[in-house]
Structures are given as C-alpha cells and as structure tokens.
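Trainee: So that you have it, the file is work-v1.txt, and it contains compact mmCIF, C-alpha atoms:
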# COMPACT_ATOMS: atom_id res chain seq x y z
CA MET A 26 118.95 -155.25 32.71
CA SER A 27 119.80 -151.76 33.97
CA GLU A 28 117.52 -149.46 35.88
CA THR A 29 117.29 -145.72 36.45
CA ILE A 30 115.80 -144.23 39.61
CA ASP A 31 115.00 -140.58 40.16
CA THR A 32 115.02 -139.80 43.90
CA ARG A 33 114.86 -136.03 43.56
CA GLY A 34 112.48 -134.37 46.01
CA LEU A 35 111.73 -137.55 47.98
CA SER A 36 111.78 -137.52 51.78
CA CYS A 37 114.14 -139.63 53.82
CA PRO A 38 114.28 -142.71 53.64
CA GLU A 39 112.39 -143.18 50.36
CA PRO A 40 115.51 -142.92 48.14
CA VAL A 41 117.14 -145.73 50.12
CA ILE A 42 114.02 -147.91 49.90
CA LEU A 43 113.68 -147.47 46.12
CA VAL A 44 117.34 -148.25 45.47
CA LYS A 45 117.32 -151.20 47.86
CA ARG A 46 114.39 -152.71 45.96
CA ALA A 47 116.34 -152.36 42.70
CA ILE A 48 119.40 -154.00 44.28
CA ASP A 49 117.21 -156.86 45.52
CA ARG A 50 115.82 -157.25 41.99
CA GLY A 51 119.41 -157.49 40.73
CA SER A 52 118.83 -155.02 37.91
CA PHE A 53 122.41 -153.72 37.61
CA PRO A 54 123.77 -151.26 36.81
CA ILE A 55 121.43 -148.94 38.73
CA GLU A 56 121.66 -145.27 37.87
CA VAL A 57 120.34 -143.01 40.61
CA THR A 58 119.68 -139.28 40.41
CA ALA A 59 119.72 -137.48 43.75
CA ASP A 60 119.36 -133.80 44.63
CA SER A 61 120.64 -133.79 48.19
CA GLN A 62 123.88 -134.69 49.87
CA THR A 63 121.85 -136.59 52.47
CA ALA A 64 120.21 -138.87 49.89
CA LYS A 65 123.57 -139.39 48.19
CA GLU A 66 125.26 -140.37 51.46
CA ASN A 67 122.40 -142.63 52.59
CA VAL A 68 122.08 -144.45 49.26
CA THR A 69 125.84 -144.88 48.97
CA ARG A 70 126.15 -146.25 52.51
CA MET A 71 123.30 -148.73 51.97
CA ALA A 72 124.63 -149.87 48.58
CA VAL A 73 128.17 -150.39 49.92
CA HIS A 74 126.76 -152.33 52.90
CA SER A 75 124.85 -154.48 50.38
CA GLY A 76 128.17 -155.37 48.73
CA CYS A 77 127.80 -153.08 45.69
CA THR A 78 130.25 -150.59 44.23
CA VAL A 79 129.20 -146.96 43.83
CA THR A 80 130.60 -144.19 41.67
CA CYS A 81 129.31 -140.63 41.84
CA GLU A 82 129.33 -137.72 39.43
CA THR A 83 128.27 -134.26 40.55
CA HIS A 84 126.48 -131.95 38.12
CA GLY A 85 125.73 -128.68 39.90
CA ASP A 86 123.21 -129.55 42.60
CA THR A 87 122.49 -132.98 41.17
CA PHE A 88 124.31 -136.21 41.95
CA LEU A 89 124.41 -139.13 39.51
CA LEU A 90 125.21 -142.40 41.25
CA ARG A 91 126.05 -145.58 39.38
CA ILE A 92 125.64 -148.73 41.40
CA ASP A 93 127.16 -152.00 40.21
CA ARG A 94 127.17 -155.49 41.59
CA GLY A 95 130.24 -155.87 43.81
CA VAL A 96 133.07 -158.17 42.85
CA MET B 22 135.49 -131.64 58.35
CA LYS B 23 133.07 -132.33 55.54
CA ASP B 24 134.10 -135.99 55.25
CA PHE B 25 134.81 -136.50 58.93
CA LEU B 26 131.35 -135.56 60.16
CA SER B 27 129.61 -137.87 57.69
CA SER B 28 131.85 -140.79 58.75
CA SER B 29 130.97 -143.28 61.46
CA THR B 30 133.51 -141.67 63.81
CA GLY B 31 131.97 -138.29 62.99
CA ILE B 32 128.42 -139.24 63.97
CA VAL B 33 129.63 -140.76 67.26
CA THR B 34 131.68 -137.65 68.04
CA ALA B 35 128.81 -135.33 67.15
CA GLY B 36 126.26 -137.43 69.08
CA GLY B 37 128.56 -137.36 72.11
CA ILE B 38 129.04 -133.60 71.94
CA ILE B 39 125.28 -133.01 71.52
CA GLY B 40 124.52 -135.31 74.49
CA ALA B 41 127.11 -133.60 76.67
CA ILE B 42 125.70 -130.18 75.75
CA ALA B 43 122.16 -131.36 76.52
CA ALA B 44 123.16 -132.52 80.00
CA TYR B 45 125.33 -129.46 80.68
CA LEU B 46 122.46 -127.10 79.82
CA VAL B 47 120.65 -128.51 82.87
CA TYR B 48 123.65 -127.50 84.98
CA LEU B 49 123.41 -124.04 83.41
CA GLY B 50 119.76 -123.68 84.40
CA ASN B 51 117.51 -125.66 82.05
CA PRO B 52 114.84 -127.91 83.65
CA PRO B 53 115.89 -131.33 84.98
CA ASN B 54 116.48 -133.99 82.30
CA MET B 55 115.41 -131.29 79.82
CA GLY B 56 118.68 -129.76 78.67
CA VAL B 57 117.30 -130.12 75.18
CA CYS B 58 113.75 -131.29 74.48
CA VAL B 59 112.57 -130.17 71.08
CA ALA B 60 108.90 -130.82 71.82
CA CYS B 61 108.96 -129.22 75.29
CA PHE B 62 110.86 -126.21 73.96
CA THR B 63 108.39 -125.79 71.10
CA ARG B 64 105.59 -126.01 73.68
CA ASP B 65 107.30 -123.39 75.89
CA THR B 66 107.70 -121.13 72.87
CA ALA B 67 104.02 -121.57 71.95
CA GLY B 68 103.12 -120.52 75.50
CA ALA B 69 105.43 -117.52 75.48
CA ILE B 70 103.66 -116.01 72.49
CA GLY B 71 100.29 -116.76 74.06
CA LEU B 72 99.17 -119.70 71.93
CA HIS B 73 98.44 -121.46 75.23
CA ARG B 74 98.10 -120.07 78.74
CA ALA B 75 99.73 -122.76 80.90
CA GLY B 76 101.70 -120.37 83.10
CA ALA B 77 104.40 -122.86 84.10
CA VAL B 78 105.61 -123.59 80.57
CA GLN B 79 106.16 -120.28 78.80
CA TYR B 80 109.57 -119.22 77.49
CA ILE B 81 111.02 -118.61 74.05
CA ARG B 82 113.75 -121.22 73.98
CA PRO B 83 116.90 -119.84 72.34
CA GLU B 84 118.18 -123.37 71.70
CA LEU B 85 115.57 -123.79 68.95
CA ILE B 86 116.58 -120.48 67.38
CA GLY B 87 120.18 -121.73 67.46
CA PHE B 88 119.13 -125.02 65.83
CA VAL B 89 117.72 -123.21 62.81
CA PHE B 90 120.53 -120.68 62.43
CA GLY B 91 123.26 -123.28 63.06
CA SER B 92 121.78 -125.47 60.37
CA LEU B 93 121.28 -122.49 58.03
CA LEU B 94 124.88 -121.31 58.40
CA SER B 95 126.23 -124.83 57.95
CA ALA B 96 124.01 -125.43 54.90
CA LEU B 97 125.16 -122.14 53.36
CA ALA B 98 128.82 -122.87 54.09
CA PHE B 99 128.64 -126.33 52.53
CA ARG B 100 126.35 -125.34 49.65
CA GLU B 101 123.47 -127.43 50.94
CA PHE B 102 120.91 -124.64 51.38
CA ARG B 103 118.13 -125.75 49.04
CA PRO B 104 114.80 -123.91 49.29
CA ARG B 105 112.14 -126.51 48.58
CA GLY B 106 108.63 -127.58 49.49
CA GLY B 107 105.31 -128.90 48.30
CA SER B 108 105.36 -132.48 49.57
CA ALA B 109 101.88 -132.76 51.12
CA PRO B 110 102.34 -129.80 53.50
CA LEU B 111 98.93 -130.11 55.13
CA ILE B 112 99.49 -133.78 55.99
CA ARG B 113 102.83 -132.77 57.50
CA PHE B 114 101.03 -130.14 59.59
CA VAL B 115 98.68 -132.82 60.94
CA LEU B 116 101.62 -135.15 61.65
CA GLY B 117 103.40 -132.33 63.51
CA PHE B 118 100.23 -131.65 65.50
CA PHE B 119 99.82 -135.27 66.65
CA ALA B 120 103.56 -135.77 67.19
CA MET B 121 103.22 -133.02 69.80
CA VAL B 122 100.05 -134.50 71.32
CA GLY B 123 101.91 -137.82 71.74
CA ALA B 124 105.03 -136.14 73.11
CA LEU B 125 103.02 -134.23 75.72
CA ALA B 126 101.32 -137.45 76.85
CA PHE B 127 104.82 -138.82 77.56
CA LEU B 128 106.24 -135.42 78.61
CA GLY B 129 109.05 -135.28 76.09
CA CYS B 130 110.12 -135.96 72.55
CA PRO B 131 112.71 -138.60 71.59
CA TRP B 132 115.46 -136.12 72.50
CA ARG B 133 114.13 -135.83 76.04
CA ALA B 134 113.52 -139.58 76.21
CA LEU B 135 117.27 -139.98 75.68
CA ALA B 136 118.06 -137.19 78.15
CA ARG B 137 115.72 -138.74 80.74
CA LEU B 138 117.35 -142.14 80.23
CA ALA B 139 120.76 -140.53 80.75
CA GLY B 140 119.47 -139.07 84.02
CA GLY B 141 118.31 -142.47 85.27
CA ASP B 142 114.59 -142.01 84.57
CA LEU B 143 113.54 -145.56 83.71
CA ASN B 144 110.14 -144.40 82.40
CA ALA B 145 112.16 -143.33 79.37
CA VAL B 146 112.73 -147.02 78.61
CA VAL B 147 108.97 -147.47 78.32
CA GLY B 148 108.76 -144.34 76.15
CA ILE B 149 111.58 -145.51 73.89
CA ALA B 150 109.86 -148.89 73.54
CA GLY B 151 106.72 -147.03 72.43
CA LEU B 152 108.80 -144.92 70.07
CA ALA B 153 110.28 -148.07 68.54
CA ALA B 154 106.79 -149.57 68.16
CA GLY B 155 105.51 -146.44 66.38
CA ILE B 156 108.55 -146.33 64.11
CA THR B 157 108.11 -150.04 63.30
CA VAL B 158 104.58 -149.33 62.11
CA GLY B 159 105.92 -146.35 60.11
CA VAL B 160 108.58 -148.56 58.50
CA TRP B 161 105.87 -151.03 57.49
CA PHE B 162 104.00 -148.20 55.74
CA LEU B 163 107.23 -147.06 54.03
CA LYS B 164 107.93 -150.60 52.85
CA THR B 165 104.43 -150.92 51.45
CA GLY B 166 104.61 -147.77 49.33
CA TYR B 167 103.88 -144.89 51.71
CA SER B 168 105.08 -141.55 50.34
CA LEU B 169 104.08 -137.92 50.81
CA GLY B 170 105.23 -137.23 47.26
CA ARG B 171 108.09 -135.19 45.91
CA SER B 172 109.03 -131.71 47.04
CA ALA B 173 110.14 -129.26 44.38
CA PRO B 174 112.88 -126.63 44.40
CA ASN B 175 111.59 -123.16 45.11
CA ARG B 176 112.69 -119.53 45.51
CA THR B 177 115.09 -118.45 48.23
CA ALA B 178 112.28 -116.64 50.07
CA VAL B 179 110.60 -119.99 50.80
CA GLY B 180 113.71 -121.19 52.60
CA LEU B 181 114.03 -118.00 54.62
CA VAL B 182 110.58 -118.08 56.25
CA MET B 183 111.74 -120.14 59.23
CA PRO B 184 114.97 -118.17 59.84
CA ALA B 185 112.90 -114.96 59.67
CA PHE B 186 110.39 -116.35 62.19
CA MET B 187 113.28 -117.40 64.45
CA LEU B 188 114.86 -113.95 64.17
CA PHE B 189 111.54 -112.44 65.26
CA LEU B 190 111.40 -114.83 68.24
CA PHE B 191 114.99 -113.94 69.11
CA LEU B 192 114.15 -110.25 69.23
CA LEU B 193 111.14 -111.00 71.46
CA VAL B 194 113.21 -112.95 73.98
CA ALA B 195 116.33 -110.78 73.86
CA LEU B 196 114.38 -107.55 74.34
CA GLU B 197 111.79 -109.19 76.66
CA VAL B 198 109.05 -107.50 74.68
CA LYS B 199 105.67 -106.93 76.35
CA PHE B 200 102.89 -106.28 73.85
CA THR B 201 100.43 -105.35 76.61
CA SER B 202 101.00 -104.74 80.33
CA ASP B 203 99.89 -108.24 81.36
CA GLY B 204 100.09 -109.93 78.01
CA PRO B 205 102.55 -111.65 75.76
CA VAL B 206 105.39 -112.21 75.61
CA PHE B 207 104.83 -114.46 78.65
CA PHE B 208 107.80 -115.70 80.66
CA SER B 209 107.04 -118.22 83.41
CA SER B 210 107.89 -117.09 86.92
CA ALA B 211 107.61 -120.65 88.30
CA GLY B 212 107.77 -124.17 86.90
CA PRO B 213 109.85 -125.59 84.05
CA GLY B 214 109.38 -122.49 81.89
CA SER B 215 111.13 -120.36 84.51
CA MET B 216 114.20 -122.59 84.44
CA HIS B 217 116.62 -121.73 81.71
CA ALA B 218 120.29 -121.28 80.98
CA PRO B 219 121.51 -117.74 80.23
CA LEU B 220 120.20 -116.53 76.87
CA PHE B 221 123.45 -116.43 74.94
CA LEU B 222 124.70 -119.75 76.31
CA SER B 223 121.41 -121.39 75.21
CA LEU B 224 121.70 -119.74 71.82
CA GLY B 225 125.35 -120.73 71.42
CA ALA B 226 124.62 -124.32 72.44
CA GLY B 227 121.78 -124.42 69.92
CA LEU B 228 124.00 -123.03 67.17
CA LEU B 229 126.69 -125.64 67.81
CA VAL B 230 124.12 -128.46 67.88
CA GLY B 231 122.55 -127.05 64.68
CA VAL B 232 125.87 -127.11 62.82
CA LEU B 233 126.82 -130.61 64.03
CA ALA B 234 123.39 -132.07 63.35
CA GLN B 235 123.15 -130.50 59.89
CA ARG B 236 126.49 -132.00 58.92
CA THR B 237 125.89 -135.45 60.42
CA ARG B 238 122.10 -135.73 59.72
CA PHE B 239 121.69 -136.61 63.43
CA CYS B 240 118.13 -137.92 63.85
CA THR B 241 116.76 -139.70 66.91
CA MET B 242 113.91 -141.29 64.94
CA GLY B 243 116.07 -142.16 61.93
CA ALA B 244 118.44 -143.99 64.29
CA LEU B 245 115.79 -146.60 65.15
CA ARG B 246 114.17 -146.52 61.70
CA ASP B 247 117.40 -147.36 59.86
CA VAL B 248 118.07 -150.29 62.18
CA ILE B 249 114.54 -151.65 61.66
CA LEU B 250 114.48 -150.91 57.92
CA ILE B 251 117.95 -151.80 56.65
CA LYS B 252 119.94 -152.88 59.74
CA ASP B 253 122.06 -149.73 59.42
CA PHE B 254 123.53 -148.70 62.79
CA HIS B 255 125.13 -145.43 61.61
CA LEU B 256 122.66 -142.97 63.17
CA LEU B 257 122.04 -145.24 66.16
CA SER B 258 125.74 -145.04 67.04
CA GLY B 259 125.31 -141.26 67.33
CA VAL B 260 122.26 -141.66 69.54
CA ILE B 261 124.07 -144.14 71.81
CA ALA B 262 126.98 -141.68 72.06
CA PHE B 263 124.43 -138.98 73.03
CA VAL B 264 123.14 -141.10 75.93
CA VAL B 265 126.60 -142.16 77.12
CA ALA B 266 127.96 -138.60 77.05
CA ALA B 267 124.83 -137.15 78.68
CA PHE B 268 125.02 -139.84 81.39
CA ALA B 269 128.70 -139.04 82.00
CA VAL B 270 127.98 -135.32 82.38
CA ASN B 271 124.92 -136.02 84.56
CA PHE B 272 127.08 -138.26 86.75
CA LEU B 273 129.75 -135.58 87.12
CA ILE B 274 127.21 -132.90 88.07
CA GLY B 275 125.32 -135.27 90.38
CA LYS B 276 122.10 -135.44 88.36
CA VAL B 277 121.72 -139.21 88.07
CA ASN B 278 118.74 -140.65 89.95
CA ILE B 279 117.82 -144.15 88.80
CA GLY B 280 114.19 -145.29 89.16
CA PHE B 281 110.61 -144.96 87.95
CA ALA B 282 108.83 -142.97 90.66
CA GLN B 283 108.93 -139.20 91.11
CA GLN B 284 111.33 -138.48 88.28
CA PRO B 285 111.48 -134.77 87.41
CA ILE B 286 108.75 -133.55 85.03
CA ALA B 287 107.73 -137.13 84.25
CA HIS B 288 105.05 -139.63 85.15
CA SER B 289 105.18 -143.38 85.66
CA ASN B 290 101.91 -144.20 83.92
CA HIS B 291 103.46 -146.84 81.69
CA LEU B 292 100.57 -147.38 79.28
CA TRP B 293 100.42 -143.70 78.32
CA ASN B 294 104.19 -143.27 78.26
CA PHE B 295 104.20 -146.11 75.73
CA LEU B 296 101.21 -144.99 73.66
CA GLY B 297 102.23 -141.32 73.67
CA MET B 298 105.68 -142.06 72.30
CA CYS B 299 104.20 -144.65 69.93
CA LEU B 300 102.03 -141.93 68.38
CA SER B 301 105.00 -139.54 68.19
CA GLY B 302 107.27 -142.17 66.65
CA LEU B 303 104.72 -142.98 63.99
CA CYS B 304 104.29 -139.29 63.15
CA PHE B 305 108.05 -138.68 62.94
CA ALA B 306 108.55 -141.79 60.79
CA LEU B 307 105.77 -140.74 58.41
CA ALA B 308 107.23 -137.21 58.21
CA GLY B 309 110.81 -138.40 57.64
CA GLY B 310 112.52 -137.00 60.74
CA CYS B 311 112.48 -136.47 64.49
CA PRO B 312 111.51 -133.00 65.78
CA GLY B 313 115.15 -131.92 65.96
CA ARG B 314 115.74 -133.02 62.39
CA GLN B 315 112.65 -131.07 61.31
CA PHE B 316 114.27 -127.91 62.76
CA PHE B 317 117.59 -128.66 61.05
CA MET B 318 115.88 -129.35 57.71
CA SER B 319 113.90 -126.13 58.01
CA GLY B 320 117.24 -124.32 58.39
CA GLU B 321 118.38 -125.98 55.16
CA GLY B 322 115.41 -124.41 53.37
CA ASP B 323 112.86 -127.23 53.66
CA ALA B 324 109.45 -125.54 53.83
CA ASP B 325 107.72 -128.88 54.47
CA ALA B 326 109.73 -129.32 57.67
CA THR B 327 108.73 -125.77 58.62
CA VAL B 328 105.07 -126.67 58.15
CA PHE B 329 105.60 -129.71 60.40
CA ILE B 330 107.00 -127.40 63.10
CA PHE B 331 104.02 -125.06 62.79
CA GLY B 332 101.87 -128.18 63.26
CA MET B 333 103.83 -128.88 66.46
CA LEU B 334 103.21 -125.32 67.69
CA MET B 335 99.50 -125.76 67.06
CA GLY B 336 99.56 -129.20 68.71
CA ALA B 337 101.17 -127.67 71.80
CA ALA B 338 98.55 -124.93 71.93
CA PHE B 339 95.70 -127.44 71.72
CA ALA B 340 97.37 -129.82 74.18
CA HIS B 341 97.56 -127.20 76.93
CA ASN B 342 94.36 -125.32 76.15
CA LEU B 343 92.27 -128.50 75.98
CA ASP B 344 94.02 -130.31 78.85
CA PHE B 345 95.60 -133.07 76.74
CA ALA B 346 99.07 -132.68 78.27
CA ALA B 347 100.01 -135.21 80.96
CA ALA B 348 100.47 -134.32 84.62
CA PRO B 349 103.71 -135.40 86.31
CA ASP B 350 103.79 -137.77 89.30
CA LYS B 351 103.20 -135.97 92.60
CA PHE B 352 103.83 -136.90 96.20
CA ASP B 353 100.90 -136.00 98.41
CA ARG B 354 102.64 -135.11 101.69
CA ALA B 355 99.44 -134.98 103.77
CA ALA B 356 98.30 -138.45 102.74
CA GLN B 357 101.88 -139.75 102.31
CA LEU B 358 100.83 -141.13 98.95
CA LEU B 359 102.43 -141.08 95.54
CA VAL B 360 99.91 -139.81 93.01
CA ILE B 361 100.71 -141.29 89.60
CA GLY B 362 100.39 -138.72 86.82
CA GLY B 363 99.62 -139.16 83.16
CA PRO B 364 97.25 -137.65 80.63
CA SER B 365 93.64 -136.78 81.53
CA ALA B 366 90.74 -138.57 79.84
CA TRP B 367 90.92 -135.80 77.23
CA GLY B 368 94.60 -136.46 76.67
CA GLN B 369 94.07 -140.22 76.45
CA SER B 370 91.30 -139.68 73.91
CA ALA B 371 93.52 -137.31 71.92
CA VAL B 372 96.30 -139.90 71.75
CA LEU B 373 93.89 -142.62 70.59
CA ILE B 374 92.29 -140.32 68.01
CA GLY B 375 95.79 -139.32 66.90
CA LEU B 376 96.71 -142.97 66.40
CA VAL B 377 93.59 -143.55 64.30
CA ILE B 378 94.26 -140.46 62.18
CA THR B 379 97.97 -141.18 61.62
CA LEU B 380 97.17 -144.79 60.73
CA ALA B 381 94.60 -143.48 58.24
CA ILE B 382 97.31 -141.21 56.77
CA GLY B 383 99.67 -144.19 56.57
CA PHE B 384 97.13 -146.35 54.76
CA SER B 385 95.85 -143.64 52.43
CA MET B 386 99.13 -142.07 51.30
CA ARG B 387 100.48 -145.15 49.55
CA GLU B 388 101.49 -145.69 45.98
CA ARG B 389 101.45 -148.95 44.09
CA ILE B 390 104.89 -150.62 44.26
CA ARG B 391 106.29 -151.86 41.01
What does the file become when written as structure tokens?
Mentor:
Amino acid sequence: MSETIDTRGLSCPEPVILVKRAIDRGSFPIEVTADSQTAKENVTRMAVHSGCTVTCETHGDTFLLRIDRGV
Amino acid sequence: MKDFLSSSTGIVTAGGIIGAIAAYLVYLGNPPNMGVCVACFTRDTAGAIGLHRAGAVQYIRPELIGFVFGSLLSALAFREFRPRGGSAPLIRFVLGFFAMVGALAFLGCPWRALARLAGGDLNAVVGIAGLAAGITVGVWFLKTGYSLGRSAPNRTAVGLVMPAFMLFLFLLVALEVKFTSDGPVFFSSAGPGSMHAPLFLSLGAGLLVGVLAQRTRFCTMGALRDVILIKDFHLLSGVIAFVVAAFAVNFLIGKVNIGFAQQPIAHSNHLWNFLGMCLSGLCFALAGGCPGRQFFMSGEGDADATVFIFGMLMGAAFAHNLDFAAAPDKFDRAAQLLVIGGPSAWGQSAVLIGLVITLAIGFSMRERIR
C-alpha cells in the first residue's frame, strides 16, 4: 500500500515526523513532495538511517522523493 | 561546496569555524563569553533604537546584520531564496517574545550557553539542561500533532523586508546617527553594550557565519531536538565542534575560567538558569529553530522567522523596561560577600507565565494524527 505525503510549507521538523510515521506504518513506496532543500536533506537522511532507499527528482523548486523499503 | 557543507564532515567543519569565530570576537572586543549571542545582540539592538532604556546594553550588533545578509547571499547563490510566510505569524511573535524573556532570565540564548560552556562557565551546564528539558516537551508536542500550519510562497518583497530592516540598522550604526541630541541611536558608554569588535570585523564575521549556517542548516535547538526525536546526531556534531573550537580559541587567548561563581555577565541562580532556558527551548522547538536559525531563515525569505525576530525585539524591550531581565552575580567588596544574581520577582513571574502560555500554545495548536 503506497502513500503520498505533501510536506510543502511545513516547518522543520514536521516533514521528517510525517515521513517517519509512514515508514513506521510500512506503507511503501512513500512519495514525498518537498519545497525546500532543507526538508529534502532532512527527510533523505532520516529515511536512509531507517534503512530505506531514496530517489529524488527535481521539478523547478519542488522535489519529489520516492522512498522504498531497503534491501 | 554544495555537497560538502551538507555532509557530516561539512557540519562539523562549519560548527568548528563558527565556534572559533564566536570565541575570537571576544578577543576582538565583544563582551566576555558573548562573542556571538543572538538573544543578547537582539536585546542590544532593541536598546540602541530606544525600545528599552537599559543604558549598559545598547548597540546595534553588526553580527546580526551579517547573519541575514550572509544567509541571503548564500540562498541567492544556491537558488534557495524562497519568499514565504503565513504559518501562524502571531503565534510565532508570541513565541519569539517569550523565547527572549527566558533567555534574559538565563542571560543568553543557546548560542551563548555554548559560548559560556566553552569559557568554563559551568552555569551553562544548568542552562543547557533546561534547554534540553524545554526541547523535550516541544518534541512531545510535535509527536502528538503540534503544527503551526503551512506557509505559502509569496512575492519577493515579503522576503526582502528583513534585509531592508537590516540595511537600515547598518546605516544607523555605520553613520552613528543621532535622531535627537540625547536620543537614539543609543550606544552604551559602559557595560556589555560598550564592548564590541570593530564594525567591519563584526559584520564580516556575521556574513561568514550566515553563509556557513545557511548551507549547513546549523541550529543549536535542532541539534538537541533531532537527537531526542529521531536519534540523529548530524546537527549535534556541529554544535559539539562549536564548543570544542570555541574552547580551543578561549584557551589560546587565556579566556578559560572554570567554575560557577562570578562568571562574566552570568548568575549562578540554578533554578532560574534552568527554567529560563527551559522556556526558551520550548519556544524555539515550537517555532522550528533556534534564534540564530530564525535569522538565517529570515535571510532565505521566511517572513514567519522575521515575525519571530520582531517578537524577540519586543520581548527584549519588555524584559528591560519591566525589570524581567536577570541581574548577574556581584561581589560586595565592603561586606566581602558574593551576591547571587538572577531574575527579580517580576522576571520570575514572567518566566512562569511564559511557560503557561507556551504550554497552552503547544496543547492548542495540535491536529489530529491519522
């Protein structure tokens, strides 16, 4: 069961908290929309520390992260 | 540089450089253990423009101007300047106000707590413990659905308000403007406000710190919050590097004095050191960044961070006008007695009221968690 999370406009560390909850629920793949480099970096670091894999596409000022269960 | 500064080596390097700069600014003339204190410098700036009349703490601190312009230039260079705002600005103003009330009960923000620790002031340990307690409460709110809501992108003008205000302050300090013969701008002739590094060295140091902190997201509150929240030591490694580097520079310039009593511009009233920083930590956690980070975010175009800073300015004005700010320890030579400082009854009441109000904000600004 996949999940999409829109973190645009949220203050630090709310993006990380929302994505962490989704990882804990195990609802992979998780697609995250972020609008700041900070949120992108923080979410990526947390997901990688949680043993997930992260890919990122950049569309203008928006980042689309796809988080999968690690192998 | 883009990848390096966001790496774990990058944050340690940047934290070390920022710490060394903070300690060296004392050597260049800034007050003891106050090379960089975002709260104290905001308070001094509030006094300089006459928002409070405490004569010993009035000076427009160029470091803060450098913070904003360093961050702005870095954000522009790396395409991260994003004018935005609208995430509960008034609540952020109140959080900025009480963050300052708490900081002035301790006599320093988290930045100065680190600088004081690096100078051997053990009261900072009590303050940092309070900070951690406040942040822990903030993390609990965040985990249970606390949010100030989303900000929205806005026009460029919104993001330029803070740089414009800082440019105005720069002109006031550089030209030493006097609006009336005995009126603002006020510059202290004695006390901490009279102690400062040369203008352009302060500004340059602030610019460098602004660039480094914008790139690395250096945040003294976030360092503890991330450890408590997700056991992430990334930002904490930068903060530890800050303390180690500041200690090394303090040692080299002979500014290390380990102990509790009679530390410079500090008091050893442990309860209020703890509670003051506890209030500040909670406010910073609920606002998403330490006072330094609020300045860096305002340089990136974040109007909500700017509102938080205006709350701090107002908090400083109230704290000194209404006698909330703590008194430092004093040695009474005649009686040969150490007089322990700390906040007055007004200041103690303000901290307690601040705790009640910030807790109310924490409880009331929560969304249902799915």
Trainee: If you measure from CA of Gly76 in chain A to CA of Gly95 in chain A, what distance in Å do you get, rounded to one decimal?
Mentor: 5.4 Å
Trainee: Give me, as a Markdown table, the closest atom pair and its distance (Å, one decimal) for every residue of chain B within a cut-off of 6 Å of chain A, counting only C-alpha atoms, rows sorted by chain and rising number.
Mentor:
| residue | atom | partner | partner_atom | distance |
| --- | --- | --- | --- | --- |
| B:Arg171 | CA | A:Gly34 | CA | 4.5 |
| B:Ser172 | CA | A:Gly34 | CA | 4.5 |
| B:Ala173 | CA | A:Gly34 | CA | 5.9 |
| B:Gly309 | CA | A:Cys37 | CA | 5.2 |
Trainee: Could you please give me, as a PyMOL selection string, the residues of protein, DNA or RNA lying at most 8 Å from (120.5, -148.2, 34.8) in the coordinate frame of the file, considering only C-alpha atoms?
Mentor: chain A and resi 26-30+52-57+91
Trainee: Contacts of range 105-108 of chain B at 9 Å or less, counting only C-alpha atoms, minus same-chain residues fewer than 3 places along, as an NGL selection string?
Mentor: (:A and (34-36)) or (:B and (111-113 or 169-177 or 179-180 or 322-326))
Trainee: Counting all atoms listed in the file, what is within 9 Å of Gly148 in chain B, bar same-chain residues fewer than 4 positions away, as a PyMOL selection string?
Mentor: chain B and resi 127+131+134+144+152-153+291+293-299
Trainee: Please report the interatomic distance between CA of Glu321 in chain B and CA of Phe263 in chain B in Å with one decimal.
Mentor: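 For CA of Glu321 in chain B relative to CA of Phe263 in chain B, the distance reads 22.9 Å.
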Trainee: Here is a test: counting only C-alpha atoms, which residue of B:Gly259, B:Pro184, B:Pro83, B:Pro285 is nearest to Ser319 in chain B?
Mentor: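 Counting only C-alpha atoms, the residue closest to Ser319 in chain B is B:Pro184.
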Trainee: Could you work out an axis-aligned bounding box for all listed atoms of range 319-330 of chain B, with 3 Å added on each of the six sides, and give its centre and edge lengths in Å to one decimal, as AutoDock Vina command-line options?
Mentor:
--center_x 111.7 --center_y -127.0 --center_z 58.2 --size_x 19.3 --size_y 11.4 --size_z 15.7
Trainee: Using CA of Gly363 in chain B and CA of Pro349 in chain B as the two end points, give the distance in Å to one decimal.
Mentor: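 Those two atoms sit 6.4 Å apart.
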Trainee: Residues within 12 Å of Phe305 in chain B, please, as a PyMOL selection string. Count only C-alpha atoms; anything in the same chain fewer than 6 positions from it doesn't count.
Mentor: (chain A and resi 36-38) or (chain B and resi 60+113-121+123-124+130-131+152-153+155-160+240-246+298-299+311-315+326+329-330+333+379+383)
Trainee: Of the residues A:Ile48, A:Thr69, A:Cys77, A:Thr87, which is the one nearest to Arg103 in chain B, using all atoms listed in the file?
Mentor: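 Residue with the minimum atom-to-atom distance to Arg103 in chain B: A:Thr87.
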Trainee: Could you give me, as number ranges by chain, the residues within 8 Å of Leu229 in chain B, counting all atoms listed in the file and dropping anything in the same chain fewer than 4 positions from it?
Mentor: B: 87-88, 91, 225, 233
Trainee: I'd like to know which of B:Cys61, B:Val146, B:Leu72, B:Leu163 is closest to Leu250 in chain B, using only C-alpha atoms.
Mentor: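 With only C-alpha atoms as the atom set, the closest residue is B:Leu163.
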Trainee: For Thr34 in chain B, work out the shell of residues within 10 Å, counting all atoms listed in the file and skipping chain neighbours fewer than 6 positions away, then give it as a list in words.
Mentor: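 Once the nearby chain positions are removed, what remains is Phe25, Leu26, Ser28, Gly40, Leu233, Thr237, Ser258, Gly259, Ala262, Phe263 and Ala266 of chain B.
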